[in-house]
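File shown: data.pdb. Contents: PDB, C-alpha atoms and all ligand atoms.
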```pdb
ATOM      1  CA  MET A   1      24.465  34.365 -43.752
ATOM      2  CA  ILE A   2      28.138  33.341 -43.829
ATOM      3  CA  SER A   3      29.067  29.912 -45.120
ATOM      4  CA  ILE A   4      32.485  28.496 -45.940
ATOM      5  CA  ASP A   5      32.947  27.899 -49.654
ATOM      6  CA  LEU A   6      36.166  26.254 -50.788
ATOM      7  CA  SER A   7      35.170  25.742 -54.418
ATOM      8  CA  ASN A   8      38.092  26.597 -56.739
ATOM      9  CA  GLN A   9      40.459  25.471 -53.975
ATOM     10  CA  THR A  10      42.616  22.358 -54.078
ATOM     11  CA  ALA A  11      43.445  20.786 -50.726
ATOM     12  CA  VAL A  12      45.974  18.046 -50.012
ATOM     13  CA  VAL A  13      45.305  15.995 -46.875
ATOM     14  CA  THR A  14      47.862  13.449 -45.636
ATOM     15  CA  GLY A  15      46.539  10.580 -43.549
ATOM     16  CA  GLY A  16      43.210  11.038 -45.313
ATOM     17  CA  LYS A  17      42.144   7.386 -45.239
ATOM     18  CA  SER A  18      41.186   7.123 -41.573
ATOM     19  CA  GLY A  19      40.098   8.973 -38.453
ATOM     20  CA  ILE A  20      40.571  12.743 -38.306
ATOM     21  CA  GLY A  21      42.071  12.934 -41.815
ATOM     22  CA  LYS A  22      39.055  11.149 -43.288
ATOM     23  CA  GLY A  23      36.756  13.584 -41.495
ATOM     24  CA  ILE A  24      38.689  16.531 -42.947
ATOM     25  CA  VAL A  25      38.542  15.068 -46.469
ATOM     26  CA  GLU A  26      34.769  14.621 -46.209
ATOM     27  CA  LEU A  27      34.139  18.122 -44.840
ATOM     28  CA  PHE A  28      36.378  19.763 -47.451
ATOM     29  CA  ILE A  29      34.479  17.955 -50.215
ATOM     30  CA  GLN A  30      31.171  19.169 -48.735
ATOM     31  CA  SER A  31      32.613  22.690 -48.784
ATOM     32  CA  GLY A  32      33.309  22.466 -52.505
ATOM     33  CA  ALA A  33      37.074  21.857 -52.516
ATOM     34  CA  LYS A  34      38.888  19.444 -54.762
ATOM     35  CA  VAL A  35      40.679  17.107 -52.342
ATOM     36  CA  ILE A  36      43.772  15.016 -52.834
ATOM     37  CA  SER A  37      43.916  12.492 -50.041
ATOM     38  CA  ALA A  38      47.262  10.801 -49.382
ATOM     39  CA  ASP A  39      47.823   7.738 -47.259
ATOM     40  CA  ILE A  40      50.096   4.759 -46.907
ATOM     41  CA  SER A  41      47.022   2.527 -47.153
ATOM     42  CA  TYR A  42      46.129   3.590 -50.699
ATOM     43  CA  ASP A  43      47.670   1.428 -53.434
ATOM     44  CA  ASP A  44      47.549   3.690 -56.488
ATOM     45  CA  PRO A  45      49.903   6.618 -57.100
ATOM     46  CA  TYR A  46      47.001   8.805 -58.308
ATOM     47  CA  ARG A  47      43.427   7.538 -58.526
ATOM     48  CA  VAL A  48      40.523   9.825 -59.397
ATOM     49  CA  VAL A  49      37.678   8.481 -57.255
ATOM     50  CA  GLN A  50      35.139  11.159 -58.098
ATOM     51  CA  PRO A  51      35.433  14.670 -59.573
ATOM     52  CA  GLN A  52      36.266  16.182 -56.165
ATOM     53  CA  LEU A  53      38.368  13.347 -54.727
ATOM     54  CA  VAL A  54      41.716  11.851 -55.687
ATOM     55  CA  GLU A  55      43.444   9.161 -53.618
ATOM     56  CA  THR A  56      47.238   8.928 -53.705
ATOM     57  CA  HIS A  57      49.709   6.512 -52.174
ATOM     58  CA  LEU A  58      52.246   8.136 -49.845
ATOM     59  CA  ASP A  59      54.618   6.811 -47.231
ATOM     60  CA  ILE A  60      55.402  10.040 -45.415
ATOM     61  CA  SER A  61      58.104   8.333 -43.337
ATOM     62  CA  ARG A  62      60.288   8.180 -46.484
ATOM     63  CA  PRO A  63      61.601  11.478 -47.888
ATOM     64  CA  ASP A  64      62.190   9.813 -51.281
ATOM     65  CA  ASP A  65      58.537   8.785 -51.409
ATOM     66  CA  ILE A  66      57.416  12.315 -50.475
ATOM     67  CA  ASP A  67      59.486  13.592 -53.395
ATOM     68  CA  ARG A  68      57.958  11.080 -55.814
ATOM     69  CA  TRP A  69      54.450  11.820 -54.510
ATOM     70  CA  CYS A  70      54.873  15.610 -54.740
ATOM     71  CA  ASN A  71      56.069  15.316 -58.326
ATOM     72  CA  VAL A  72      52.997  13.251 -59.248
ATOM     73  CA  LEU A  73      50.647  15.725 -57.555
ATOM     74  CA  LEU A  74      52.243  18.803 -59.068
ATOM     75  CA  ASN A  75      52.152  17.260 -62.549
ATOM     76  CA  GLU A  76      48.555  16.110 -62.270
ATOM     77  CA  ALA A  77      46.921  18.866 -60.213
ATOM     78  CA  GLY A  78      49.329  21.826 -59.967
ATOM     79  CA  VAL A  79      50.267  23.675 -56.788
ATOM     80  CA  PRO A  80      47.594  23.167 -54.116
ATOM     81  CA  ASP A  81      46.015  26.009 -52.120
ATOM     82  CA  ILE A  82      45.830  24.081 -48.851
ATOM     83  CA  LEU A  83      48.030  21.429 -47.256
ATOM     84  CA  VAL A  84      46.788  19.582 -44.182
ATOM     85  CA  ASN A  85      49.352  17.298 -42.563
ATOM     86  CA  CYS A  86      47.331  14.740 -40.625
ATOM     87  CA  ALA A  87      49.240  11.464 -41.137
ATOM     88  CA  GLY A  88      50.454  10.341 -37.758
ATOM     89  CA  THR A  89      51.253   7.429 -35.509
ATOM     90  CA  SER A  90      52.019   6.697 -31.883
ATOM     91  CA  THR A  91      53.697   4.067 -29.760
ATOM     92  CA  MET A  92      53.205   3.513 -26.039
ATOM     93  CA  ASP A  93      55.874   2.732 -23.476
ATOM     94  CA  TYR A  94      57.450   4.368 -20.468
ATOM     95  CA  VAL A  95      60.586   6.199 -21.570
ATOM     96  CA  ILE A  96      62.927   3.901 -19.636
ATOM     97  CA  ASP A  97      61.400   0.867 -21.369
ATOM     98  CA  SER A  98      61.057   2.445 -24.816
ATOM     99  CA  LYS A  99      62.921   1.391 -27.948
ATOM    100  CA  LEU A 100      64.969   3.693 -30.142
ATOM    101  CA  ALA A 101      63.350   2.112 -33.224
ATOM    102  CA  ASP A 102      59.882   3.178 -31.972
ATOM    103  CA  TRP A 103      61.097   6.731 -31.308
ATOM    104  CA  GLU A 104      62.582   6.898 -34.802
ATOM    105  CA  LYS A 105      59.428   5.541 -36.441
ATOM    106  CA  VAL A 106      57.195   8.081 -34.674
ATOM    107  CA  PHE A 107      59.528  10.948 -35.554
ATOM    108  CA  SER A 108      59.873   9.821 -39.186
ATOM    109  CA  ILE A 109      56.095  10.160 -39.683
ATOM    110  CA  ASN A 110      54.921  12.834 -37.220
ATOM    111  CA  SER A 111      57.864  15.244 -37.439
ATOM    112  CA  THR A 112      60.341  14.596 -40.249
ATOM    113  CA  GLY A 113      57.724  13.561 -42.796
ATOM    114  CA  LEU A 114      55.556  16.546 -41.922
ATOM    115  CA  TYR A 115      58.615  18.825 -42.233
ATOM    116  CA  VAL A 116      59.642  17.453 -45.637
ATOM    117  CA  ALA A 117      56.108  17.703 -47.064
ATOM    118  CA  SER A 118      55.536  21.196 -45.611
ATOM    119  CA  LYS A 119      58.863  22.483 -46.893
ATOM    120  CA  ARG A 120      58.280  21.174 -50.418
ATOM    121  CA  PHE A 121      54.730  22.511 -50.759
ATOM    122  CA  ALA A 122      55.636  25.855 -49.170
ATOM    123  CA  LYS A 123      58.453  26.248 -51.702
ATOM    124  CA  GLU A 124      56.068  25.417 -54.570
ATOM    125  CA  MET A 125      53.527  27.963 -53.249
ATOM    126  CA  VAL A 126      56.215  30.666 -52.946
ATOM    127  CA  ASP A 127      57.601  29.959 -56.439
ATOM    128  CA  ALA A 128      54.076  30.056 -57.897
ATOM    129  CA  HIS A 129      53.295  33.327 -56.004
ATOM    130  CA  LYS A 130      50.300  31.527 -54.586
ATOM    131  CA  PRO A 131      48.797  32.469 -51.218
ATOM    132  CA  GLY A 132      48.260  29.280 -49.251
ATOM    133  CA  ARG A 133      47.340  27.578 -46.026
ATOM    134  CA  ILE A 134      49.370  24.944 -44.225
ATOM    135  CA  ILE A 135      47.559  23.281 -41.341
ATOM    136  CA  GLN A 136      49.401  20.854 -39.094
ATOM    137  CA  ILE A 137      47.464  18.346 -37.015
ATOM    138  CA  ALA A 138      49.550  18.417 -33.860
ATOM    139  CA  SER A 139      48.114  17.388 -30.480
ATOM    140  CA  GLN A 140      47.762  18.335 -26.840
ATOM    141  CA  ALA A 141      50.833  16.119 -26.658
ATOM    142  CA  GLY A 142      52.632  19.008 -28.366
ATOM    143  CA  LYS A 143      52.014  21.178 -25.294
ATOM    144  CA  ASN A 144      51.887  18.736 -22.381
ATOM    145  CA  GLY A 145      53.389  15.461 -21.238
ATOM    146  CA  TYR A 146      51.382  12.220 -21.086
ATOM    147  CA  ARG A 147      52.527   8.985 -19.482
ATOM    148  CA  ALA A 148      53.923   6.287 -21.789
ATOM    149  CA  MET A 149      53.993   8.695 -24.737
ATOM    150  CA  GLY A 150      57.512  10.150 -24.629
ATOM    151  CA  GLY A 151      58.292   9.788 -28.342
ATOM    152  CA  TYR A 152      54.834  10.933 -29.401
ATOM    153  CA  CYS A 153      54.880  14.012 -27.137
ATOM    154  CA  ALA A 154      58.363  14.979 -28.316
ATOM    155  CA  SER A 155      57.374  14.538 -31.981
ATOM    156  CA  LYS A 156      54.324  16.807 -31.557
ATOM    157  CA  HIS A 157      56.320  19.467 -29.680
ATOM    158  CA  ALA A 158      58.574  19.514 -32.768
ATOM    159  CA  VAL A 159      55.534  20.143 -34.982
ATOM    160  CA  LEU A 160      54.543  23.214 -32.971
ATOM    161  CA  GLY A 161      58.072  24.611 -33.126
ATOM    162  CA  LEU A 162      58.167  24.203 -36.894
ATOM    163  CA  THR A 163      54.694  25.759 -37.218
ATOM    164  CA  LYS A 164      55.824  28.950 -35.470
ATOM    165  CA  VAL A 165      58.992  29.336 -37.563
ATOM    166  CA  MET A 166      57.245  28.624 -40.870
ATOM    167  CA  ALA A 167      54.487  31.104 -39.968
ATOM    168  CA  ILE A 168      57.062  33.867 -39.507
ATOM    169  CA  GLU A 169      59.082  32.992 -42.596
ATOM    170  CA  LEU A 170      56.114  32.588 -44.940
ATOM    171  CA  ALA A 171      53.946  35.484 -43.771
ATOM    172  CA  ALA A 172      55.384  37.824 -46.382
ATOM    173  CA  HIS A 173      54.198  35.374 -49.054
ATOM    174  CA  ASN A 174      50.687  35.297 -47.591
ATOM    175  CA  ILE A 175      51.063  31.634 -46.710
ATOM    176  CA  LEU A 176      49.451  31.091 -43.309
ATOM    177  CA  VAL A 177      50.723  28.248 -41.146
ATOM    178  CA  ASN A 178      48.720  27.085 -38.142
ATOM    179  CA  ALA A 179      48.370  23.961 -36.025
ATOM    180  CA  VAL A 180      45.389  22.252 -34.471
ATOM    181  CA  CYS A 181      45.895  20.514 -31.128
ATOM    182  CA  PRO A 182      43.119  17.965 -30.585
ATOM    183  CA  GLY A 183      42.535  16.439 -27.163
ATOM    184  CA  ILE A 184      41.031  12.947 -27.148
ATOM    185  CA  VAL A 185      39.391  11.967 -30.432
ATOM    186  CA  GLU A 186      37.518   8.735 -31.158
ATOM    187  CA  THR A 187      39.564   7.180 -33.983
ATOM    188  CA  PRO A 188      41.241   3.825 -34.692
ATOM    189  CA  MET A 189      44.501   5.268 -33.289
ATOM    190  CA  LYS A 190      42.839   6.196 -29.992
ATOM    191  CA  GLN A 191      41.237   2.757 -29.692
ATOM    192  CA  ARG A 192      44.625   1.101 -30.206
ATOM    193  CA  GLU A 193      46.247   3.433 -27.651
ATOM    194  CA  ARG A 194      43.632   2.494 -25.038
ATOM    195  CA  ILE A 195      44.384  -1.210 -25.530
ATOM    196  CA  GLU A 196      48.180  -0.725 -25.414
ATOM    197  CA  GLY A 197      47.979   1.811 -22.572
ATOM    198  CA  GLY A 198      45.652  -0.523 -20.671
ATOM    199  CA  ILE A 199      48.218  -3.328 -20.807
ATOM    200  CA  ILE A 200      50.916  -1.005 -19.442
ATOM    201  CA  ARG A 201      48.689   0.427 -16.695
ATOM    202  CA  GLY A 202      46.744  -2.721 -15.791
ATOM    203  CA  MET A 203      43.434  -1.214 -16.920
ATOM    204  CA  THR A 204      40.841  -2.168 -19.517
ATOM    205  CA  ALA A 205      40.277  -0.024 -22.606
ATOM    206  CA  GLN A 206      36.799   0.770 -21.243
ATOM    207  CA  GLU A 207      38.281   2.005 -17.946
ATOM    208  CA  ILE A 208      40.665   4.257 -19.853
ATOM    209  CA  TYR A 209      37.786   5.545 -21.992
ATOM    210  CA  GLU A 210      35.856   6.434 -18.814
ATOM    211  CA  GLU A 211      38.933   8.118 -17.352
ATOM    212  CA  ASP A 212      39.325  10.067 -20.625
ATOM    213  CA  CYS A 213      35.719  11.330 -20.497
ATOM    214  CA  SER A 214      36.076  12.350 -16.839
ATOM    215  CA  GLN A 215      38.958  14.676 -17.761
ATOM    216  CA  VAL A 216      36.937  16.690 -20.287
ATOM    217  CA  PRO A 217      34.798  19.571 -18.916
ATOM    218  CA  LEU A 218      32.371  19.178 -21.831
ATOM    219  CA  GLY A 219      31.890  15.583 -20.621
ATOM    220  CA  ARG A 220      32.702  13.730 -23.821
ATOM    221  CA  THR A 221      35.641  12.903 -26.026
ATOM    222  CA  ALA A 222      35.807  14.459 -29.505
ATOM    223  CA  GLU A 223      34.382  13.087 -32.733
ATOM    224  CA  VAL A 224      36.429  13.650 -35.876
ATOM    225  CA  GLU A 225      33.943  16.330 -37.007
ATOM    226  CA  ASP A 226      34.856  18.455 -33.962
ATOM    227  CA  ILE A 227      38.409  18.660 -35.271
ATOM    228  CA  ALA A 228      37.532  18.905 -38.985
ATOM    229  CA  ASN A 229      35.326  21.949 -38.326
ATOM    230  CA  VAL A 230      38.270  23.890 -36.908
ATOM    231  CA  VAL A 231      40.520  22.793 -39.786
ATOM    232  CA  LEU A 232      37.890  24.063 -42.227
ATOM    233  CA  PHE A 233      37.883  27.432 -40.447
ATOM    234  CA  LEU A 234      41.689  27.598 -40.722
ATOM    235  CA  ALA A 235      41.472  26.810 -44.440
ATOM    236  CA  SER A 236      38.888  29.531 -45.022
ATOM    237  CA  PRO A 237      38.998  33.310 -45.481
ATOM    238  CA  LEU A 238      37.486  33.638 -41.974
ATOM    239  CA  SER A 239      40.946  32.984 -40.471
ATOM    240  CA  ALA A 240      42.834  35.404 -42.753
ATOM    241  CA  TYR A 241      44.439  37.222 -39.800
ATOM    242  CA  MET A 242      45.738  34.102 -38.019
ATOM    243  CA  THR A 243      49.149  32.522 -38.427
ATOM    244  CA  GLY A 244      51.566  30.680 -36.149
ATOM    245  CA  GLN A 245      48.767  29.563 -33.803
ATOM    246  CA  ALA A 246      48.342  26.215 -32.058
ATOM    247  CA  ILE A 247      44.619  25.908 -31.446
ATOM    248  CA  ASN A 248      43.305  23.610 -28.728
ATOM    249  CA  VAL A 249      40.237  21.549 -29.583
ATOM    250  CA  THR A 250      39.857  19.665 -26.337
ATOM    251  CA  GLY A 251      36.394  20.211 -24.896
ATOM    252  CA  GLY A 252      38.074  22.401 -22.266
ATOM    253  CA  MET A 253      40.495  19.687 -21.095
ATOM    254  CA  THR A 254      43.433  22.063 -21.441
ATOM    255  CA  MET A 255      43.475  25.838 -21.574
ATOM    256  CA  HIS A 256      46.998  26.890 -22.500
TER     257      HIS A 256
HETATM  258  P1  LIG B 301      44.291   7.166 -37.502
HETATM  259  O1  LIG B 301      45.232   6.050 -37.202
HETATM  260  O2  LIG B 301      42.850   6.895 -37.531
HETATM  261  O3  LIG B 301      44.725   7.865 -38.871
HETATM  262  C1  LIG B 301      46.061   8.087 -39.177
HETATM  263  C2  LIG B 301      46.229   7.945 -40.687
HETATM  264  O4  LIG B 301      47.612   8.209 -41.003
HETATM  265  C3  LIG B 301      45.905   6.536 -41.198
HETATM  266  O5  LIG B 301      45.037   6.596 -42.323
HETATM  267  C4  LIG B 301      47.260   5.970 -41.552
HETATM  268  O6  LIG B 301      47.224   5.004 -42.612
HETATM  269  C5  LIG B 301      48.014   7.226 -41.960
HETATM  270  N1  LIG B 301      49.456   7.001 -41.893
HETATM  271  C6  LIG B 301      50.154   6.402 -40.899
HETATM  272  N2  LIG B 301      51.438   6.290 -41.249
HETATM  273  C7  LIG B 301      51.560   6.836 -42.474
HETATM  274  C8  LIG B 301      52.648   7.024 -43.364
HETATM  275  N3  LIG B 301      53.883   6.566 -43.078
HETATM  276  N4  LIG B 301      52.434   7.653 -44.531
HETATM  277  C9  LIG B 301      51.185   8.087 -44.860
HETATM  278  N5  LIG B 301      50.106   7.914 -44.080
HETATM  279  C10 LIG B 301      50.302   7.302 -42.894
HETATM  280  O7  LIG B 301      44.651   8.275 -36.410
HETATM  281  P2  LIG B 301      43.956   9.654 -35.989
HETATM  282  O8  LIG B 301      43.649   9.528 -34.558
HETATM  283  O9  LIG B 301      42.917  10.065 -36.957
HETATM  284  O10 LIG B 301      45.214  10.630 -36.088
HETATM  285  C11 LIG B 301      45.335  11.611 -37.103
HETATM  286  C12 LIG B 301      46.266  12.706 -36.588
HETATM  287  O11 LIG B 301      45.669  13.319 -35.445
HETATM  288  C13 LIG B 301      47.624  12.184 -36.122
HETATM  289  O12 LIG B 301      48.630  13.092 -36.519
HETATM  290  C14 LIG B 301      47.486  12.145 -34.624
HETATM  291  O13 LIG B 301      48.738  12.261 -33.970
HETATM  292  C15 LIG B 301      46.598  13.346 -34.388
HETATM  293  N6  LIG B 301      45.889  13.330 -33.106
HETATM  294  C16 LIG B 301      45.006  12.348 -32.795
HETATM  295  C17 LIG B 301      44.350  12.393 -31.568
HETATM  296  C18 LIG B 301      43.343  11.348 -31.145
HETATM  297  O14 LIG B 301      42.908  11.362 -29.984
HETATM  298  N7  LIG B 301      42.913  10.445 -32.037
HETATM  299  C19 LIG B 301      44.616  13.425 -30.664
HETATM  300  C20 LIG B 301      45.525  14.401 -31.023
HETATM  301  C21 LIG B 301      46.147  14.355 -32.258
END
```
Any chance you could give the structure as structure tokens?
Amino acid sequence: MISIDLSNQTAVVTGGKSGIGKGIVELFIQSGAKVISADISYDDPYRVVQPQLVETHLDISRPDDIDRWCNVLLNEAGVPDILVNCAGTSTMDYVIDSKLADWEKVFSINSTGLYVASKRFAKEMVDAHKPGRIIQIASQAGKNGYRAMGGYCASKHAVLGLTKVMAIELAAHNILVNAVCPGIVETPMKQRERIEGGIIRGMTAQEIYEEDCSQVPLGRTAEVEDIANVVLFLASPLSAYMTGQAINVTGGMTMH
């Protein structure tokens, strides 16, 4: 019987306090990994919660804070084996009504922050001659367009472009870089988007939820575990021959 065992592995997960990131943290712990969860909603720079879990404050929208945070992590825990970039945000507005400040905020977290963190950890892995995994939580919005999500879609397209280039450049160092593209996942972010999207479209959040479900061939939206399971696979030896991929986890909603 094959099971995924990540004991002796250290994984860093950004956005680990809520939603998909929280699901990944929990599954990695169950698989034996030591997990360093990073989130803007943690207060402490480095708090050991239990032997397998450390919580760290990070504002990924600020390159100076990423630098500070990386230095703390490297000093306390050394170079990690796995980096999962899951911190993310979204704003909703039609492009012609949207604000530059919202665009910049979304990019600072979803794209620039992810780039700065990926670049720093990749460099540390290369310098330490450490094989590694970098897993980016992108989105279907990185492959398609969705109404009232111009900034978000553009920011996730950027993630997929970076994933492909990093995969090529880091392959010789045995650092595998892949992205996961979830469809519709039940998280606090999705609930907020349904309320904001409902105001724009004159619909209730419940009506948007029903519309969401009707678009998925498997007949339901995703739970965070559906996404975490695929991230675990990408962190494991079972995916040793995969790099530069953008894997859909959508219940069949999209197929390209
Ligand atoms: P969520 O809001 O539940 O979780 C996002 C987490 O990121 C939160 O814990 C938040 O505090 C953290 N975060 C936000 N800004 C931060 C910052 N500046 N620095 C550090 N941490 C910060 O949302 P979620 O739905 O779980 O989303 C997680 C990821 O999955 C995001 O990248 C999102 O774009 C992506 N995604 C979500 C869905 C979905 O349907 N929920 C679909 C596709 C992709």
Between range 68-124 of chain A and range 179-193 of chain A, at 12 Å or less, what are the per-residue closest atom pairs and their distances in Å? Count all atoms listed in the file, order by chain and rising residue number, and return it as a Markdown table.
```
| residue | atom | partner | partner_atom | distance |
| --- | --- | --- | --- | --- |
| A:Leu83 | CA | A:Ala179 | CA | 11.5 |
| A:Val84 | CA | A:Ala179 | CA | 9.4 |
| A:Asn85 | CA | A:Ala179 | CA | 9.4 |
| A:Cys86 | CA | A:Val180 | CA | 9.9 |
| A:Ala87 | CA | A:Met189 | CA | 11.1 |
| A:Gly88 | CA | A:Met189 | CA | 9.0 |
| A:Thr89 | CA | A:Met189 | CA | 7.4 |
| A:Ser90 | CA | A:Met189 | CA | 7.8 |
| A:Thr91 | CA | A:Glu193 | CA | 7.8 |
| A:Met92 | CA | A:Glu193 | CA | 7.1 |
| A:Asp93 | CA | A:Glu193 | CA | 10.5 |
| A:Leu114 | CA | A:Ala179 | CA | 11.9 |
```
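Distance check against ligand LIG 301 (chain B) using all atoms listed in the file: of A:Val116, A:Ile227, A:Leu53, A:Val35, the minimum falls on A:Ile227.
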Under the PyMOL selection byres (((chain A and resi 173) around 9) and not hetatm), which residues of this model are included? Write them out as a list in words. Met125, Val126, His129, Lys130, Pro131, Gly132, Glu169, Leu170, Ala171, Ala172, Asn174, Ile175 and Leu176 of chain A
Same residues, C-alpha atoms, saved as a short mmCIF file (atom, residue, chain, number, x, y, z; two decimals), in the coordinates of the input:
```cif
data_model
loop_
_atom_site.label_atom_id
_atom_site.label_comp_id
_atom_site.auth_asym_id
_atom_site.auth_seq_id
_atom_site.Cartn_x
_atom_site.Cartn_y
_atom_site.Cartn_z
CA MET A 125 53.53 27.96 -53.25
CA VAL A 126 56.22 30.67 -52.95
CA HIS A 129 53.30 33.33 -56.00
CA LYS A 130 50.30 31.53 -54.59
CA PRO A 131 48.80 32.47 -51.22
CA GLY A 132 48.26 29.28 -49.25
CA GLU A 169 59.08 32.99 -42.60
CA LEU A 170 56.11 32.59 -44.94
CA ALA A 171 53.95 35.48 -43.77
CA ALA A 172 55.38 37.82 -46.38
CA ASN A 174 50.69 35.30 -47.59
CA ILE A 175 51.06 31.63 -46.71
CA LEU A 176 49.45 31.09 -43.31
#
```
Of the listed residues A:Met253, A:Ile96, A:Ala228, A:Ile82, that which approaches Gly19 in chain A most closely, counting all atoms listed in the file: A:Ala228
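If all atoms listed in the file are the atoms counted, then among A:Phe28, A:Phe121, A:Tyr241, A:Tyr42 the closest residue to ligand LIG 301 (chain B) is A:Tyr42.
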